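Shown here: my_file04.cif, mmCIF, C-alpha atoms and all ligand atoms.
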```
data_query
#
loop_
_atom_site.label_atom_id
_atom_site.label_comp_id
_atom_site.auth_asym_id
_atom_site.auth_seq_id
_atom_site.Cartn_x
_atom_site.Cartn_y
_atom_site.Cartn_z
CA MET A 210 -36.62 -19.31 -10.83
CA LYS A 211 -33.90 -17.34 -12.58
CA THR A 212 -31.90 -18.93 -15.37
CA THR A 213 -28.74 -17.69 -17.08
CA ILE A 214 -26.50 -19.02 -19.84
CA ILE A 215 -22.94 -17.80 -20.20
CA ARG A 216 -22.38 -18.53 -23.89
CA ASN A 217 -19.26 -19.65 -25.76
CA GLY A 218 -16.63 -18.78 -23.17
CA ARG A 219 -13.52 -20.83 -22.50
CA ILE A 220 -14.44 -22.45 -19.20
CA ILE A 221 -11.36 -23.09 -17.07
CA ASP A 222 -12.26 -24.85 -13.83
CA PRO A 223 -9.12 -26.20 -12.14
CA ALA A 224 -11.13 -27.96 -9.42
CA ASN A 225 -12.64 -30.28 -12.02
CA GLY A 226 -9.84 -30.38 -14.58
CA ARG A 227 -12.07 -28.66 -17.13
CA ASP A 228 -10.78 -26.48 -19.96
CA ALA A 229 -13.13 -26.21 -22.94
CA VAL A 230 -15.15 -23.71 -24.95
CA GLU A 231 -18.68 -24.42 -23.74
CA ASP A 232 -21.81 -22.80 -22.38
CA LEU A 233 -22.18 -22.49 -18.62
CA PHE A 234 -25.67 -22.93 -17.21
CA ILE A 235 -26.97 -21.29 -14.06
CA VAL A 236 -30.33 -22.09 -12.48
CA ASP A 237 -31.52 -20.41 -9.32
CA GLY A 238 -28.10 -19.21 -8.25
CA LYS A 239 -26.38 -22.56 -8.74
CA ILE A 240 -24.29 -24.12 -11.51
CA ALA A 241 -26.53 -26.45 -13.50
CA ASP A 242 -26.14 -28.74 -16.47
CA GLN A 243 -27.87 -28.48 -19.78
CA SER A 244 -30.55 -31.01 -18.93
CA ALA A 245 -31.86 -28.78 -16.15
CA PHE A 246 -32.48 -26.20 -18.85
CA ARG A 247 -34.66 -28.10 -21.23
CA ASN A 248 -37.86 -27.55 -19.28
CA GLN A 249 -37.22 -23.89 -18.53
CA LYS A 250 -40.13 -21.72 -19.54
CA SER A 251 -39.12 -18.50 -17.80
CA ALA A 252 -36.98 -15.85 -19.47
CA ILE A 253 -33.36 -16.82 -19.88
CA GLU A 254 -30.63 -14.25 -19.42
CA GLU A 255 -27.73 -14.68 -21.81
CA ILE A 256 -24.19 -13.45 -21.34
CA ASP A 257 -21.94 -13.56 -24.39
CA ALA A 258 -18.49 -14.71 -23.34
CA LYS A 259 -17.03 -15.39 -26.78
CA GLY A 260 -13.25 -14.98 -26.66
CA LEU A 261 -13.34 -14.66 -22.87
CA ILE A 262 -12.30 -16.87 -19.96
CA VAL A 263 -15.05 -18.18 -17.67
CA ALA A 264 -13.60 -19.14 -14.28
CA PRO A 265 -14.90 -19.98 -10.82
CA GLY A 266 -15.36 -16.78 -8.80
CA LEU A 267 -12.06 -15.49 -7.49
CA ILE A 268 -11.43 -15.58 -3.74
CA ASP A 269 -9.25 -13.03 -1.91
CA MET A 270 -8.36 -14.41 1.50
CA HIS A 271 -6.69 -11.21 2.76
CA VAL A 272 -8.62 -7.93 2.68
CA HIS A 273 -9.08 -5.04 5.12
CA LEU A 274 -12.62 -3.62 4.99
CA ARG A 275 -12.29 -1.05 7.83
CA GLU A 276 -15.86 -1.53 9.07
CA PRO A 277 -16.72 -1.21 11.90
CA GLY A 278 -14.95 1.94 13.02
CA ILE A 279 -12.88 3.31 10.16
CA GLU A 280 -15.63 3.79 7.58
CA HIS A 281 -14.03 6.93 6.13
CA ALA A 282 -11.35 4.62 4.67
CA GLU A 283 -13.60 1.76 3.48
CA THR A 284 -16.87 0.03 4.28
CA ILE A 285 -18.01 -3.52 3.76
CA GLU A 286 -20.10 -2.23 0.87
CA THR A 287 -17.39 -0.19 -0.91
CA GLY A 288 -14.75 -2.84 -0.30
CA SER A 289 -17.00 -5.52 -1.76
CA ARG A 290 -17.73 -3.31 -4.79
CA ALA A 291 -14.00 -2.89 -5.37
CA ALA A 292 -13.65 -6.66 -5.01
CA ALA A 293 -16.36 -7.29 -7.60
CA ALA A 294 -14.68 -4.84 -9.98
CA GLY A 295 -11.50 -6.86 -9.53
CA GLY A 296 -13.26 -10.11 -10.41
CA PHE A 297 -13.58 -11.35 -6.82
CA THR A 298 -16.75 -13.06 -5.66
CA SER A 299 -15.52 -13.85 -2.14
CA ILE A 300 -13.31 -11.89 0.23
CA CYS A 301 -12.05 -12.53 3.75
CA CYS A 302 -11.76 -9.53 6.03
CA MET A 303 -9.02 -9.14 8.60
CA PRO A 304 -10.02 -8.30 12.18
CA ASN A 305 -8.13 -5.02 12.70
CA THR A 306 -11.26 -2.87 12.78
CA VAL A 307 -12.40 -0.60 15.62
CA PRO A 308 -13.35 -2.45 17.71
CA VAL A 309 -11.16 -5.39 16.76
CA ASN A 310 -13.08 -8.51 15.67
CA ASP A 311 -12.04 -10.48 18.73
CA ASN A 312 -15.49 -11.65 19.89
CA ALA A 313 -18.71 -13.06 18.47
CA THR A 314 -20.60 -9.75 18.72
CA VAL A 315 -18.25 -8.05 16.27
CA THR A 316 -18.17 -11.13 14.03
CA SER A 317 -21.98 -11.21 13.91
CA TYR A 318 -22.07 -7.48 13.15
CA ILE A 319 -19.76 -7.98 10.16
CA VAL A 320 -21.73 -11.00 8.92
CA ASP A 321 -24.97 -9.03 9.22
CA ARG A 322 -23.64 -5.88 7.51
CA ALA A 323 -22.17 -8.02 4.73
CA ARG A 324 -25.50 -9.77 4.17
CA LYS A 325 -27.22 -6.39 3.84
CA ASN A 326 -24.62 -4.32 1.98
CA ALA A 327 -21.97 -6.45 0.30
CA VAL A 328 -22.22 -7.47 -3.35
CA THR A 329 -19.78 -10.37 -2.80
CA ASN A 330 -19.48 -13.08 -0.18
CA VAL A 331 -17.63 -11.81 2.89
CA PHE A 332 -15.95 -14.19 5.35
CA PRO A 333 -14.64 -12.64 8.56
CA ILE A 334 -11.31 -13.63 10.08
CA GLY A 335 -11.23 -13.38 13.88
CA ALA A 336 -8.40 -12.03 16.00
CA ILE A 337 -5.94 -14.41 17.67
CA THR A 338 -5.69 -12.27 20.79
CA LYS A 339 -7.92 -9.75 22.53
CA ASN A 340 -7.62 -6.40 20.78
CA SER A 341 -4.83 -8.08 18.76
CA ALA A 342 -2.59 -7.01 21.62
CA GLY A 343 -0.72 -10.32 21.61
CA GLU A 344 -1.43 -11.23 25.22
CA GLU A 345 -4.73 -12.94 26.01
CA LEU A 346 -6.48 -15.24 23.54
CA ALA A 347 -9.62 -13.91 21.85
CA ALA A 348 -13.01 -15.68 22.04
CA ILE A 349 -12.04 -18.12 19.29
CA GLY A 350 -14.75 -20.74 19.85
CA SER A 351 -17.69 -18.35 19.87
CA MET A 352 -16.29 -16.43 16.88
CA LYS A 353 -16.12 -19.71 14.98
CA GLN A 354 -19.81 -20.27 15.74
CA ALA A 355 -20.53 -16.73 14.51
CA GLY A 356 -18.81 -17.42 11.20
CA ILE A 357 -15.05 -16.80 11.20
CA VAL A 358 -12.99 -18.92 8.80
CA ALA A 359 -9.53 -18.36 10.34
CA ILE A 360 -7.74 -16.45 13.09
CA SER A 361 -5.10 -13.76 12.65
CA ASP A 362 -3.81 -10.63 14.37
CA ASP A 363 -2.84 -9.32 10.94
CA GLY A 364 -1.26 -5.89 11.02
CA GLN A 365 0.48 -7.17 14.12
CA PRO A 366 2.48 -10.33 14.73
CA VAL A 367 1.97 -12.45 17.84
CA MET A 368 5.33 -11.68 19.41
CA ASN A 369 5.04 -14.00 22.39
CA ALA A 370 5.78 -17.57 21.26
CA ARG A 371 3.92 -19.01 24.24
CA VAL A 372 0.77 -17.12 23.24
CA MET A 373 1.14 -18.32 19.64
CA ARG A 374 1.55 -21.87 20.83
CA ARG A 375 -1.65 -21.65 22.87
CA ALA A 376 -3.45 -20.06 19.92
CA MET A 377 -2.39 -22.94 17.69
CA GLU A 378 -3.69 -25.44 20.23
CA PHE A 379 -7.07 -23.68 20.27
CA ALA A 380 -7.14 -23.29 16.51
CA ARG A 381 -6.45 -26.98 16.07
CA SER A 382 -9.31 -27.94 18.36
CA PHE A 383 -11.68 -25.63 16.44
CA ASP A 384 -10.25 -26.76 13.10
CA LEU A 385 -9.25 -23.24 12.06
CA PRO A 386 -6.05 -22.15 10.33
CA VAL A 387 -3.80 -19.63 12.07
CA ILE A 388 -2.74 -16.86 9.70
CA ASP A 389 0.29 -14.98 10.97
CA HIS A 390 1.61 -11.61 9.90
CA CYS A 391 5.19 -12.78 10.37
CA GLU A 392 7.30 -9.92 11.67
CA ASP A 393 9.70 -9.71 14.59
CA LEU A 394 9.00 -6.19 15.82
CA ASN A 395 12.36 -5.96 17.56
CA LEU A 396 14.09 -6.46 14.22
CA SER A 397 11.76 -4.26 12.15
CA ALA A 398 11.24 -1.45 14.67
CA GLY A 399 11.37 1.99 13.10
CA GLY A 400 11.86 0.69 9.58
CA ASP A 401 10.02 2.17 6.62
CA MET A 402 11.22 0.06 3.69
CA HIS A 403 13.25 -3.08 2.89
CA GLU A 404 16.73 -2.96 4.43
CA GLY A 405 19.35 -3.00 1.71
CA VAL A 406 21.38 -0.84 -0.66
CA GLU A 407 18.27 1.07 -1.66
CA SER A 408 17.26 2.04 1.89
CA THR A 409 20.82 3.24 2.50
CA ARG A 410 20.77 5.27 -0.71
CA LEU A 411 17.43 6.88 0.19
CA GLY A 412 18.43 7.46 3.81
CA LEU A 413 15.43 5.54 5.12
CA ARG A 414 15.49 3.06 7.97
CA GLY A 415 15.29 -0.55 6.85
CA ILE A 416 13.11 -3.54 7.69
CA PRO A 417 15.40 -6.57 7.32
CA ALA A 418 14.11 -9.70 5.60
CA SER A 419 15.21 -11.56 8.74
CA SER A 420 12.38 -9.87 10.69
CA GLU A 421 10.01 -12.01 8.58
CA ASP A 422 12.22 -15.09 8.36
CA VAL A 423 12.64 -15.70 12.07
CA MET A 424 8.88 -15.58 12.67
CA VAL A 425 8.12 -17.91 9.77
CA ALA A 426 10.68 -20.34 11.20
CA ARG A 427 9.25 -20.06 14.72
CA ASP A 428 5.68 -20.58 13.59
CA ILE A 429 6.53 -23.55 11.38
CA LEU A 430 8.24 -25.24 14.34
CA LEU A 431 5.30 -24.48 16.64
CA ALA A 432 2.81 -25.73 14.05
CA GLN A 433 4.84 -28.90 13.69
CA SER A 434 4.90 -29.60 17.42
CA ILE A 435 1.17 -28.95 17.79
CA GLY A 436 -0.16 -30.27 14.50
CA ALA A 437 -1.90 -26.98 13.73
CA ARG A 438 -2.73 -25.51 10.32
CA PHE A 439 -0.48 -22.50 9.84
CA HIS A 440 -0.65 -19.98 6.99
CA VAL A 441 1.94 -17.29 6.27
CA ALA A 442 0.28 -14.02 5.22
CA HIS A 443 1.88 -11.92 2.46
CA ILE A 444 5.12 -13.90 2.16
CA SER A 445 7.89 -11.70 0.78
CA SER A 446 11.37 -13.09 1.37
CA GLN A 447 13.60 -15.72 -0.18
CA ASN A 448 14.27 -17.50 3.11
CA SER A 449 10.60 -17.54 4.08
CA VAL A 450 9.52 -19.34 0.92
CA ALA A 451 12.41 -21.78 1.32
CA MET A 452 11.17 -22.62 4.81
CA VAL A 453 7.57 -23.05 3.66
CA ALA A 454 8.83 -25.38 0.92
CA TYR A 455 10.71 -27.35 3.57
CA ALA A 456 7.60 -27.56 5.78
CA LYS A 457 5.48 -28.79 2.89
CA LYS A 458 8.05 -31.41 2.03
CA ALA A 459 7.93 -32.58 5.63
CA GLY A 460 4.16 -33.01 5.27
CA LEU A 461 3.14 -30.19 7.61
CA ALA A 462 -0.14 -28.29 7.20
CA VAL A 463 1.77 -25.12 6.30
CA THR A 464 0.55 -22.81 3.53
CA CYS A 465 1.30 -19.30 2.31
CA GLU A 466 -0.02 -16.50 0.15
CA ALA A 467 1.78 -13.91 -2.00
CA THR A 468 0.45 -10.48 -2.92
CA PRO A 469 0.64 -9.09 -6.46
CA HIS A 470 2.79 -6.17 -5.28
CA HIS A 471 5.35 -8.55 -3.79
CA PHE A 472 5.86 -10.34 -7.09
CA ALA A 473 5.37 -7.29 -9.32
CA LEU A 474 7.56 -4.64 -7.63
CA THR A 475 11.00 -4.45 -6.05
CA ASP A 476 12.50 -1.90 -3.66
CA THR A 477 14.43 -0.35 -6.54
CA GLY A 478 11.19 0.09 -8.50
CA MET A 479 9.56 2.26 -5.86
CA ILE A 480 9.20 5.98 -6.31
CA ALA A 481 11.28 7.52 -3.55
CA TYR A 482 9.30 8.82 -0.58
CA ASP A 483 5.95 8.01 -2.28
CA SER A 484 3.81 6.45 0.45
CA ASN A 485 1.90 4.38 -2.13
CA TYR A 486 5.00 2.18 -2.10
CA LYS A 487 5.02 1.82 1.67
CA MET A 488 3.65 -1.44 2.97
CA LYS A 489 4.40 -4.31 5.33
CA PRO A 490 6.17 -6.47 4.50
CA PRO A 491 8.04 -3.92 2.39
CA LEU A 492 8.82 -4.30 -1.32
CA ARG A 493 11.90 -6.51 -1.25
CA SER A 494 14.99 -7.05 -3.39
CA ALA A 495 14.95 -8.46 -6.93
CA CYS A 496 16.37 -11.66 -5.43
CA ASP A 497 13.40 -12.03 -3.09
CA VAL A 498 10.92 -11.23 -5.87
CA GLY A 499 12.56 -13.88 -8.05
CA ALA A 500 12.19 -16.40 -5.22
CA ILE A 501 8.48 -15.56 -4.79
CA VAL A 502 7.83 -16.03 -8.52
CA GLU A 503 9.74 -19.32 -8.47
CA ALA A 504 7.71 -20.43 -5.41
CA ILE A 505 4.52 -19.63 -7.34
CA ILE A 506 5.72 -21.68 -10.31
CA VAL A 507 6.67 -24.76 -8.27
CA GLY A 508 3.57 -24.66 -6.05
CA THR A 509 5.02 -23.50 -2.73
CA VAL A 510 2.63 -20.53 -2.82
CA ASP A 511 -0.97 -21.65 -2.27
CA ALA A 512 -2.86 -18.44 -3.00
CA ILE A 513 -2.59 -14.96 -4.40
CA ALA A 514 -4.13 -12.49 -1.94
CA THR A 515 -4.17 -8.71 -2.18
CA ASP A 516 -3.77 -7.46 1.42
CA HIS A 517 -6.09 -4.65 0.19
CA ALA A 518 -5.40 -1.99 2.86
CA PRO A 519 -7.34 1.24 2.34
CA HIS A 520 -6.03 4.44 3.94
CA PRO A 521 -7.53 7.87 3.26
CA GLY A 522 -5.42 10.42 1.37
CA SER A 523 -5.03 12.61 4.43
CA GLU A 524 -3.05 9.85 6.13
CA LYS A 525 -1.08 8.73 3.10
CA MET A 526 -0.05 12.31 2.22
CA GLN A 527 2.03 12.90 5.31
CA GLU A 528 5.82 12.62 5.34
CA PHE A 529 6.93 9.12 4.33
CA GLU A 530 8.03 8.13 7.83
CA LYS A 531 4.66 9.11 9.33
CA CYS A 532 2.47 7.38 6.74
CA PRO A 533 0.64 4.19 7.60
CA PHE A 534 1.66 0.95 5.83
CA GLY A 535 -0.49 -0.60 3.12
CA ILE A 536 -2.02 -0.16 -0.33
CA ILE A 537 -5.31 -1.04 -2.00
CA GLY A 538 -5.15 -3.93 -4.44
CA LEU A 539 -8.49 -5.55 -5.30
CA GLU A 540 -8.95 -3.93 -8.70
CA THR A 541 -5.41 -4.50 -10.00
CA ALA A 542 -4.68 -8.04 -8.73
CA LEU A 543 -5.87 -9.98 -11.77
CA GLY A 544 -4.24 -7.56 -14.24
CA LEU A 545 -0.91 -7.72 -12.41
CA SER A 546 -1.04 -11.50 -12.16
CA LEU A 547 -1.78 -11.85 -15.87
CA GLU A 548 1.06 -9.48 -16.72
CA LYS A 549 3.74 -10.87 -14.43
CA LEU A 550 2.87 -14.56 -14.39
CA TYR A 551 0.82 -15.50 -17.46
CA HIS A 552 1.94 -13.18 -20.27
CA THR A 553 5.56 -13.86 -19.30
CA GLY A 554 4.91 -17.58 -19.81
CA LYS A 555 5.73 -18.45 -16.19
CA ILE A 556 2.44 -20.20 -15.37
CA SER A 557 -0.61 -21.43 -17.28
CA LEU A 558 -4.05 -19.85 -17.04
CA THR A 559 -5.26 -22.94 -15.18
CA LYS A 560 -2.55 -22.47 -12.58
CA LEU A 561 -3.24 -18.74 -12.32
CA ILE A 562 -6.96 -19.36 -11.76
CA ALA A 563 -6.18 -22.07 -9.19
CA LEU A 564 -4.13 -19.56 -7.16
CA PHE A 565 -7.26 -17.38 -6.93
CA THR A 566 -9.81 -20.18 -6.41
CA THR A 567 -8.96 -23.74 -5.33
CA GLY A 568 -5.81 -22.51 -3.55
CA PRO A 569 -7.45 -20.18 -1.02
CA ALA A 570 -10.58 -22.39 -0.80
CA LYS A 571 -8.38 -25.28 0.34
CA VAL A 572 -6.48 -23.22 2.92
CA LEU A 573 -9.76 -22.02 4.46
CA ARG A 574 -11.79 -25.17 3.71
CA LEU A 575 -14.41 -23.13 1.86
CA ASP A 576 -16.81 -25.03 -0.34
CA LEU A 577 -16.13 -22.60 -3.18
CA GLY A 578 -13.80 -22.12 -6.13
CA THR A 579 -15.50 -24.71 -8.35
CA LEU A 580 -17.91 -24.76 -11.27
CA ALA A 581 -19.19 -28.23 -10.40
CA ARG A 582 -22.90 -28.79 -10.84
CA GLY A 583 -24.78 -27.68 -7.73
CA ALA A 584 -22.05 -25.28 -6.57
CA PRO A 585 -22.97 -21.63 -5.91
CA ALA A 586 -22.91 -19.80 -9.26
CA ASP A 587 -19.97 -17.55 -8.39
CA VAL A 588 -18.29 -16.89 -11.72
CA THR A 589 -15.57 -14.54 -12.92
CA ILE A 590 -15.45 -13.69 -16.61
CA PHE A 591 -12.17 -12.15 -17.72
CA ASP A 592 -10.12 -11.35 -20.75
CA THR A 593 -6.42 -11.97 -21.22
CA GLU A 594 -5.92 -9.34 -23.91
CA HIS A 595 -7.93 -6.13 -23.61
CA GLU A 596 -5.88 -3.05 -22.87
CA TRP A 597 -7.02 -0.79 -20.08
CA THR A 598 -5.57 1.83 -17.78
CA TYR A 599 -6.15 1.94 -14.04
CA ASP A 600 -7.56 5.26 -12.85
CA VAL A 601 -7.58 5.19 -9.07
CA ASN A 602 -9.92 8.18 -8.92
CA ARG A 603 -12.59 6.00 -10.51
CA SER A 604 -11.95 3.18 -8.04
CA ASN A 605 -14.86 1.61 -6.22
CA SER A 606 -12.77 1.72 -3.07
CA LYS A 607 -13.17 4.72 -0.78
CA SER A 608 -9.40 5.02 -0.59
CA LYS A 609 -7.02 5.78 -3.43
CA ASN A 610 -3.65 4.57 -2.12
CA SER A 611 -2.38 2.55 -5.06
CA PRO A 612 1.05 2.63 -6.71
CA PHE A 613 -0.61 1.42 -9.93
CA ASP A 614 -2.61 4.57 -10.72
CA GLY A 615 -2.18 5.34 -14.43
CA LYS A 616 -0.67 1.94 -15.18
CA SER A 617 -1.75 0.16 -18.36
CA PHE A 618 -2.77 -3.47 -18.21
CA ARG A 619 -3.26 -6.25 -20.74
CA GLY A 620 -6.23 -8.33 -19.63
CA GLY A 621 -8.54 -8.06 -16.66
CA PRO A 622 -12.04 -8.75 -15.36
CA VAL A 623 -15.06 -8.34 -17.66
CA ALA A 624 -17.96 -9.45 -15.45
CA THR A 625 -18.45 -10.79 -11.94
CA VAL A 626 -21.35 -13.07 -11.05
CA VAL A 627 -22.26 -13.88 -7.44
CA ALA A 628 -24.90 -16.55 -6.78
CA GLY A 629 -26.13 -16.16 -10.36
CA GLU A 630 -26.44 -12.35 -10.27
CA ILE A 631 -24.18 -10.03 -12.26
CA VAL A 632 -22.74 -7.73 -9.57
CA TRP A 633 -20.21 -5.94 -11.76
CA ARG A 634 -19.68 -5.54 -15.47
CA LEU A 635 -16.98 -3.75 -17.47
CA SER A 636 -18.49 -0.58 -18.90
ZN ZN A 701 -0.12 -8.14 7.48
#
```
Produce structure tokens that represent the structure in this file.
Amino acid sequence: MKTTIIRNGRIIDPANGRDAVEDLFIVDGKIADQSAFRNQKSAIEEIDAKGLIVAPGLIDMHVHLREPGIEHAETIETGSRAAAAGGFTSICCMPNTVPVNDNATVTSYIVDRARKNAVTNVFPIGAITKNSAGEELAAIGSMKQAGIVAISDDGQPVMNARVMRRAMEFARSFDLPVIDHCEDLNLSAGGDMHEGVESTRLGLRGIPASSEDVMVARDILLAQSIGARFHVAHISSQNSVAMVAYAKKAGLAVTCEATPHHFALTDTGMIAYDSNYKMKPPLRSACDVGAIVEAIIVGTVDAIATDHAPHPGSEKMQEFEKCPFGIIGLETALGLSLEKLYHTGKISLTKLIALFTTGPAKVLRLDLGTLARGAPADVTIFDTEHEWTYDVNRSNSKSKNSPFDGKSFRGGPVATVVAGEIVWRLS
């Protein structure tokens, strides 16, 4: 039986309303209390957390791991190592692999590979439709049995409202949330960045905020009529958060996540024609970013998720218009959140930790994100003050497409513990 004590850290556990400088006890991969320790005769591992924050393991509900099929960009192993280095103990992987995770065979493959190679927990998300083509529903029931925690065609929206309605009916009967990448492709077609003054100035085609807004509105109305759980992926616009706030007020099971890049960067802050600033939804206006931050403060946003989207350099180094959308984000998420939300005084540490733990756990109904006795000993130890600089070439991810290369941070992860084992440590 393995025993560990994390000594003298400030334990912040939003799930249990705990905030105190105490020791945290781990026995056999689970959170224990001091009494369970008294009779321990075996060697005890000690971790000194003096001056550090000890939080429940962070959960990222939106990650692309690229395995099976696109392993030159990322694998379950490398993606999970990047997650651990970012302080995450659990990640959820989107189904847009090759083949798409639209049936139980692929789901089981991912679960099996994760068990063998991942250093964190990995929860697969199944496709809504076959091949995420938006037409026929995927094998939702059997994927649920194989271990999916939600359905999404992320990367693609479900354009046909009738198909989305059917998907919500199925999801409701299997008690799964539907996560939509909200984008009306007719409105966004051909766009490379947010539509506004900046896109005009740069001579690039724009993606209007309305391409997101109309789909968020549609899906909220469908979810209302069906009684389904609906989650907006990577919310980025002022109107979208206003509609989610409205849905919550009306008592609907509607939730949303925001990515660090959507609250940390605006379209005017992007380096022109640098594909590390090209993602979907695009970096929006200062007005939209302000609305996202406000939505985080007032509780409209349920979770911070990275949308970690690895692409190899060869693809990201083409002309801007030809580059794929997406950036990596696992290793910079906590640093960006501390900088933009905590050090600015916008939210408390408890609230920040909740957005990475109880928030996503609640959306997905995962029994995680808590330091209660008996819970899996998934723990993130981080610092709010130490200065460090992100060097993407030393990233654990196989891909290097980050706009934050060379950026200095104040505060970040120090150690990541999964089921009582240290899987990553700041060196
Ligand atoms: Zn997406």
Counting only C-alpha atoms and all ligand atoms, which residues of chain A fall within 12 Å of ligand ZN 701 (chain A), and what is the closest atom pair for each with its distance in Å at one decimal, ordered by chain and rising number, as a tab-separated table?
```
residue	atom	partner	partner_atom	distance
A:Met270	CA	A:ZN701	ZN	12.0
A:His271	CA	A:ZN701	ZN	8.7
A:Val272	CA	A:ZN701	ZN	9.8
A:His273	CA	A:ZN701	ZN	9.8
A:Cys302	CA	A:ZN701	ZN	11.8
A:Met303	CA	A:ZN701	ZN	9.0
A:Pro304	CA	A:ZN701	ZN	11.0
A:Asn305	CA	A:ZN701	ZN	10.1
A:Ser361	CA	A:ZN701	ZN	9.1
A:Asp362	CA	A:ZN701	ZN	8.2
A:Asp363	CA	A:ZN701	ZN	4.6
A:Gly364	CA	A:ZN701	ZN	4.3
A:Gln365	CA	A:ZN701	ZN	6.7
A:Pro366	CA	A:ZN701	ZN	8.0
A:Val367	CA	A:ZN701	ZN	11.4
A:Ile388	CA	A:ZN701	ZN	9.4
A:Asp389	CA	A:ZN701	ZN	7.7
A:His390	CA	A:ZN701	ZN	4.6
A:Cys391	CA	A:ZN701	ZN	7.6
A:Glu392	CA	A:ZN701	ZN	8.7
A:Glu421	CA	A:ZN701	ZN	10.9
A:His440	CA	A:ZN701	ZN	11.9
A:Val441	CA	A:ZN701	ZN	9.5
A:Ala442	CA	A:ZN701	ZN	6.3
A:His443	CA	A:ZN701	ZN	6.6
A:Ile444	CA	A:ZN701	ZN	9.4
A:Ser445	CA	A:ZN701	ZN	11.0
A:Glu466	CA	A:ZN701	ZN	11.1
A:Ala467	CA	A:ZN701	ZN	11.3
A:Thr468	CA	A:ZN701	ZN	10.7
A:Met488	CA	A:ZN701	ZN	8.9
A:Lys489	CA	A:ZN701	ZN	6.3
A:Pro490	CA	A:ZN701	ZN	7.2
A:Pro491	CA	A:ZN701	ZN	10.5
A:Ala514	CA	A:ZN701	ZN	11.1
A:Thr515	CA	A:ZN701	ZN	10.5
A:Asp516	CA	A:ZN701	ZN	7.1
A:His517	CA	A:ZN701	ZN	10.0
A:Ala518	CA	A:ZN701	ZN	9.3
A:Phe534	CA	A:ZN701	ZN	9.4
A:Gly535	CA	A:ZN701	ZN	8.7
A:Ile536	CA	A:ZN701	ZN	11.3
```
| query | atom CA of His552 of chain A and atom CA of Ala473 of chain A are how many Å apart? | reply | 12.9 Å
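Proximity of A:Gly266, A:Gly218, A:Gly278, A:Gly578 to Gly296 of chain A, computed with all atoms listed in the file, is greatest for A:Gly266.
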| task | Could you jot down the atom CA of Gly522 of chain A to atom CA of Glu276 of chain A separation for me, Å, one decimal place? | result | 17.6 Å
Would you write out, as a Markdown table, a table of all residues in segment 246-347 of chain A that have an atom no more than 12 Å from an atom of segment 563-571 of chain A, listing for each the closest atom pair and the distance in Å to one decimal, considering all atoms listed in the file and ordering rows by chain and rising residue number?
```
| residue | atom | partner | partner_atom | distance |
| --- | --- | --- | --- | --- |
| A:Ala264 | CA | A:Thr566 | CA | 8.8 |
| A:Pro265 | CA | A:Thr566 | CA | 6.7 |
| A:Gly266 | CA | A:Thr566 | CA | 6.9 |
| A:Leu267 | CA | A:Phe565 | CA | 5.2 |
| A:Ile268 | CA | A:Phe565 | CA | 5.6 |
| A:Asp269 | CA | A:Phe565 | CA | 6.9 |
| A:Met270 | CA | A:Pro569 | CA | 6.4 |
| A:His271 | CA | A:Pro569 | CA | 9.8 |
| A:Gly295 | CA | A:Phe565 | CA | 11.6 |
| A:Gly296 | CA | A:Phe565 | CA | 10.0 |
| A:Phe297 | CA | A:Phe565 | CA | 8.7 |
| A:Thr298 | CA | A:Thr566 | CA | 10.0 |
| A:Ser299 | CA | A:Thr566 | CA | 9.5 |
| A:Ile300 | CA | A:Pro569 | CA | 10.2 |
| A:Cys301 | CA | A:Pro569 | CA | 10.1 |
| A:Phe332 | CA | A:Ala570 | CA | 11.6 |
```
Atoms to include: C-alpha atoms. Write the selected residues as a PDB file, in the coordinates of the input.
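So out.pdb came out as:
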```
ATOM      1  CA  ALA A 264     -13.600 -19.140 -14.280  1.00  0.00           C
ATOM      2  CA  PRO A 265     -14.900 -19.980 -10.820  1.00  0.00           C
ATOM      3  CA  GLY A 266     -15.360 -16.780  -8.800  1.00  0.00           C
ATOM      4  CA  LEU A 267     -12.060 -15.490  -7.490  1.00  0.00           C
ATOM      5  CA  ILE A 268     -11.430 -15.580  -3.740  1.00  0.00           C
ATOM      6  CA  ASP A 269      -9.250 -13.030  -1.910  1.00  0.00           C
ATOM      7  CA  MET A 270      -8.360 -14.410   1.500  1.00  0.00           C
ATOM      8  CA  HIS A 271      -6.690 -11.210   2.760  1.00  0.00           C
ATOM      9  CA  GLY A 295     -11.500  -6.860  -9.530  1.00  0.00           C
ATOM     10  CA  GLY A 296     -13.260 -10.110 -10.410  1.00  0.00           C
ATOM     11  CA  PHE A 297     -13.580 -11.350  -6.820  1.00  0.00           C
ATOM     12  CA  THR A 298     -16.750 -13.060  -5.660  1.00  0.00           C
ATOM     13  CA  SER A 299     -15.520 -13.850  -2.140  1.00  0.00           C
ATOM     14  CA  ILE A 300     -13.310 -11.890   0.230  1.00  0.00           C
ATOM     15  CA  CYS A 301     -12.050 -12.530   3.750  1.00  0.00           C
ATOM     16  CA  PHE A 332     -15.950 -14.190   5.350  1.00  0.00           C
TER      17      PHE A 332
END
```
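Using only C-alpha atoms, the shortest contact distance between Gly226 of chain A and any of A:Ile562, A:Ile505, A:Val601, A:Ile319 is found at A:Ile562.
Residue nearest Asp311 of chain A, chosen from A:Gln433, A:Ser251, A:Asn326, A:Ser341 and counting all atoms listed in the file: A:Ser341.
The two atoms in question, atom CA of Thr475 of chain A and atom CA of Glu596 of chain A, are spaced 23.9 Å apart.
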| task | With a distance cut-off of 8 Å and all atoms listed in the file, select the neighbouring residues of Met210 of chain A, excluding the residue or stretch itself and same-chain residues fewer than 2 positions from it, and output the selection as a ChimeraX atom specification. | result | /A:212,236-237,251
